[in-house]
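**Student:** Have a look at the structure that comes next, please.
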Amino acid sequence: MEEIEAHRSGCPINLTLEVLGDKWSLIVVRDMMFGNRRHFRELLSQNEEGIASNILADRLRRLLAEGVISKEDDPSHKQKAIYSLTEKGIELLPIFAMIGAWGRKWLPVTEALSIRAQILEEGGPDLWAEFMEELRWEHLGTPAKPRTGPGVRERLRAAYEEVVARNAAAAS
């Protein structure tokens, strides 16, 4: 009961919004999930929306405190940390897929930036489950199931690159 009293209400939508309700938290999780960005510098410099370093540091602290991500020292560099999605963070994938599907339907998206959302929408729960297994392997170190062919992230990246190349060829 004490935990609920620390929040505005016990409503699951409200509680979720308290954890993820600002755009930057969602963008940080998106970049970790779909871009496999795991270091502060990657999250800062490869962010299309231009997150400021102080905002990124704050959102990483908040996501860590909520258990959506974890942080470990990077064994390759003493002053770097590796951020990972936790199971709690990985299970956000279907929500991201549905947000992407809604955005594709109702908002003026570009083909290049919405192709991954289209693939996730068309692939549905089976593709989401496959991607979540990949994320568990990458972020949690769980044993990977054998697969034939490219993984989900590789397929999403290839589709994006194909659209970008096609658009560049059409423009020239």
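Residues in the structure tokens are named by chain (A, B, ... in the order shown) and by number from 1 within that chain; ligands are numbered from 1 in the order shown.
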Leaving out stretch 64-79 of chain A and any residue of its chain fewer than 2 positions from it, which residues lie within 9 Å of it when counting only C-alpha atoms, given as a list in words?

**Tutor:**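 That gives Val19, Val29, His39, Arg59, Leu60, Arg61, Arg62, Ala81, Ile82, Tyr83, Ser84, Leu85, Thr86, Glu87, Lys88, Gly89 and Ile90 of chain A.
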
**Student:** Apply DSSP to the backbone of this structure and, from chain A, keep only the residues in strand (DSSP E); write these as a PyMOL selection string.

**Tutor:** chain A and resi 69-73+81-85

**Student:** Keeping only all heavy atoms, write those residues as a PDB file, in the first residue's frame.

**Tutor:**
ATOM      1  N   ILE A  69      15.955  -0.031 -17.198  1.00  0.00           N
ATOM      2  CA  ILE A  69      17.289  -0.310 -17.723  1.00  0.00           C
ATOM      3  C   ILE A  69      18.214  -0.620 -16.554  1.00  0.00           C
ATOM      4  O   ILE A  69      17.885  -0.356 -15.395  1.00  0.00           O
ATOM      5  CB  ILE A  69      17.850   0.867 -18.557  1.00  0.00           C
ATOM      6  CG1 ILE A  69      18.056   2.115 -17.697  1.00  0.00           C
ATOM      7  CG2 ILE A  69      16.958   1.162 -19.762  1.00  0.00           C
ATOM      8  CD1 ILE A  69      18.777   3.256 -18.408  1.00  0.00           C
ATOM      9  N   SER A  70      19.370  -1.184 -16.885  1.00  0.00           N
ATOM     10  CA  SER A  70      20.413  -1.416 -15.890  1.00  0.00           C
ATOM     11  C   SER A  70      21.709  -0.802 -16.413  1.00  0.00           C
ATOM     12  O   SER A  70      21.810  -0.452 -17.591  1.00  0.00           O
ATOM     13  CB  SER A  70      20.589  -2.916 -15.622  1.00  0.00           C
ATOM     14  OG  SER A  70      21.027  -3.575 -16.797  1.00  0.00           O
ATOM     15  N   LYS A  71      22.678  -0.699 -15.531  1.00  0.00           N
ATOM     16  CA  LYS A  71      23.955  -0.070 -15.883  1.00  0.00           C
ATOM     17  C   LYS A  71      25.081  -0.897 -15.294  1.00  0.00           C
ATOM     18  O   LYS A  71      25.029  -1.275 -14.129  1.00  0.00           O
ATOM     19  CB  LYS A  71      23.989   1.353 -15.315  1.00  0.00           C
ATOM     20  CG  LYS A  71      25.271   2.104 -15.523  1.00  0.00           C
ATOM     21  CD  LYS A  71      25.162   3.476 -14.860  1.00  0.00           C
ATOM     22  CE  LYS A  71      26.469   4.230 -14.922  1.00  0.00           C
ATOM     23  NZ  LYS A  71      26.374   5.545 -14.252  1.00  0.00           N
ATOM     24  N   GLU A  72      26.087  -1.170 -16.112  1.00  0.00           N
ATOM     25  CA  GLU A  72      27.274  -1.897 -15.664  1.00  0.00           C
ATOM     26  C   GLU A  72      28.509  -1.186 -16.197  1.00  0.00           C
ATOM     27  O   GLU A  72      28.443  -0.523 -17.236  1.00  0.00           O
ATOM     28  CB  GLU A  72      27.273  -3.336 -16.201  1.00  0.00           C
ATOM     29  CG  GLU A  72      26.177  -4.204 -15.640  1.00  0.00           C
ATOM     30  CD  GLU A  72      26.246  -5.625 -16.184  1.00  0.00           C
ATOM     31  OE1 GLU A  72      27.311  -6.047 -16.665  1.00  0.00           O
ATOM     32  OE2 GLU A  72      25.222  -6.304 -16.125  1.00  0.00           O
ATOM     33  N   ASP A  73      29.626  -1.366 -15.516  1.00  0.00           N
ATOM     34  CA  ASP A  73      30.884  -0.827 -16.024  1.00  0.00           C
ATOM     35  C   ASP A  73      31.239  -1.542 -17.314  1.00  0.00           C
ATOM     36  O   ASP A  73      31.046  -2.753 -17.441  1.00  0.00           O
ATOM     37  CB  ASP A  73      32.004  -1.021 -15.000  1.00  0.00           C
ATOM     38  CG  ASP A  73      31.806  -0.155 -13.766  1.00  0.00           C
ATOM     39  OD1 ASP A  73      31.140   0.893 -13.872  1.00  0.00           O
ATOM     40  OD2 ASP A  73      32.326  -0.533 -12.701  1.00  0.00           O
ATOM     41  N   ALA A  81      30.195   3.233 -19.220  1.00  0.00           N
ATOM     42  CA  ALA A  81      29.203   2.292 -18.699  1.00  0.00           C
ATOM     43  C   ALA A  81      28.402   1.744 -19.873  1.00  0.00           C
ATOM     44  O   ALA A  81      28.253   2.398 -20.900  1.00  0.00           O
ATOM     45  CB  ALA A  81      28.269   2.995 -17.718  1.00  0.00           C
ATOM     46  N   ILE A  82      27.896   0.540 -19.685  1.00  0.00           N
ATOM     47  CA  ILE A  82      27.011  -0.077 -20.671  1.00  0.00           C
ATOM     48  C   ILE A  82      25.618  -0.101 -20.063  1.00  0.00           C
ATOM     49  O   ILE A  82      25.425  -0.606 -18.952  1.00  0.00           O
ATOM     50  CB  ILE A  82      27.454  -1.513 -21.005  1.00  0.00           C
ATOM     51  CG1 ILE A  82      28.845  -1.515 -21.626  1.00  0.00           C
ATOM     52  CG2 ILE A  82      26.444  -2.182 -21.933  1.00  0.00           C
ATOM     53  CD1 ILE A  82      29.416  -2.903 -21.851  1.00  0.00           C
ATOM     54  N   TYR A  83      24.668   0.454 -20.791  1.00  0.00           N
ATOM     55  CA  TYR A  83      23.272   0.423 -20.376  1.00  0.00           C
ATOM     56  C   TYR A  83      22.589  -0.724 -21.088  1.00  0.00           C
ATOM     57  O   TYR A  83      22.836  -0.977 -22.260  1.00  0.00           O
ATOM     58  CB  TYR A  83      22.576   1.744 -20.712  1.00  0.00           C
ATOM     59  CG  TYR A  83      23.123   2.901 -19.925  1.00  0.00           C
ATOM     60  CD1 TYR A  83      24.125   3.708 -20.446  1.00  0.00           C
ATOM     61  CD2 TYR A  83      22.657   3.175 -18.647  1.00  0.00           C
ATOM     62  CE1 TYR A  83      24.651   4.762 -19.713  1.00  0.00           C
ATOM     63  CE2 TYR A  83      23.176   4.224 -17.901  1.00  0.00           C
ATOM     64  CZ  TYR A  83      24.171   5.009 -18.456  1.00  0.00           C
ATOM     65  OH  TYR A  83      24.678   6.052 -17.719  1.00  0.00           O
ATOM     66  N   SER A  84      21.733  -1.417 -20.366  1.00  0.00           N
ATOM     67  CA  SER A  84      20.999  -2.551 -20.923  1.00  0.00           C
ATOM     68  C   SER A  84      19.536  -2.435 -20.549  1.00  0.00           C
ATOM     69  O   SER A  84      19.189  -1.917 -19.484  1.00  0.00           O
ATOM     70  CB  SER A  84      21.534  -3.871 -20.369  1.00  0.00           C
ATOM     71  OG  SER A  84      22.882  -4.054 -20.716  1.00  0.00           O
ATOM     72  N   LEU A  85      18.696  -2.940 -21.424  1.00  0.00           N
ATOM     73  CA  LEU A  85      17.284  -3.065 -21.090  1.00  0.00           C
ATOM     74  C   LEU A  85      17.130  -4.207 -20.097  1.00  0.00           C
ATOM     75  O   LEU A  85      17.803  -5.233 -20.213  1.00  0.00           O
ATOM     76  CB  LEU A  85      16.452  -3.365 -22.340  1.00  0.00           C
ATOM     77  CG  LEU A  85      16.417  -2.271 -23.398  1.00  0.00           C
ATOM     78  CD1 LEU A  85      15.836  -2.813 -24.699  1.00  0.00           C
ATOM     79  CD2 LEU A  85      15.617  -1.078 -22.906  1.00  0.00           C
TER      80      LEU A  85
END

**Student:** With a distance cut-off of 12 Å and only C-alpha atoms, select the neighbouring residues of stretch 118-135 of chain A, excluding the residue or stretch itself and same-chain residues fewer than 3 positions from it, and output the selection as a ChimeraX atom specification.

**Tutor:** /A:32-36,84-105,109-115,138-147,150-160

**Student:** Any idea what's packed within 12 Å of A:Leu44, counting only C-alpha atoms, ignoring anything in its chain fewer than 5 positions away? Could you give it as a list of chain:residue names?

**Tutor:**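 So the residues in contact are A:Trp24, A:Ile27, A:Val28, A:Asp31, A:Met32, A:Arg37, A:Arg38, A:His39, A:Glu49, A:Gly50, A:Ile51, A:Ala52, A:Ser53, A:Asn54, A:Ile55, A:Leu56, A:Ala57, A:Arg59, A:Leu60.
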
**Student:** Based on DSSP run over this structure's backbone, return all residues of chain A in alpha helix (DSSP H), as JSON, numbers by chain.

**Tutor:** {"A": [2, 3, 4, 5, 12, 13, 14, 15, 16, 17, 18, 19, 20, 23, 24, 25, 26, 27, 28, 29, 30, 31, 32, 33, 34, 35, 40, 41, 42, 43, 44, 45, 53, 54, 55, 56, 57, 58, 59, 60, 61, 62, 63, 64, 65, 66, 87, 88, 89, 90, 93, 94, 95, 96, 97, 98, 99, 100, 101, 102, 103, 104, 105, 106, 111, 112, 113, 114, 115, 116, 117, 118, 119, 120, 121, 122, 123, 124, 125, 126, 127, 128, 129, 130, 131, 132, 133, 134, 135, 152, 153, 154, 155, 156, 157, 158, 159, 160, 161, 162, 163, 164, 165, 166, 167, 168, 169, 170, 171]}

**Student:** As an exercise, work out the distance from atom CA of A:Asp58 to atom CA of A:Ser9 in Å and give it to one decimal place.

**Tutor:**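 Between these atoms lies a distance of 23.7 Å.
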
**Student:** Expressed in Å to a single decimal, how great is the separation between atom CA of A:Lys80 and atom CA of A:Phe40?

**Tutor:** 8.0 Å

**Student:** Can you measure atom CA of A:Glu162 to atom CA of A:Arg116 for me? One decimal in Å is fine.

**Tutor:**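 Rounded to one decimal, the two atoms are 11.3 Å apart.
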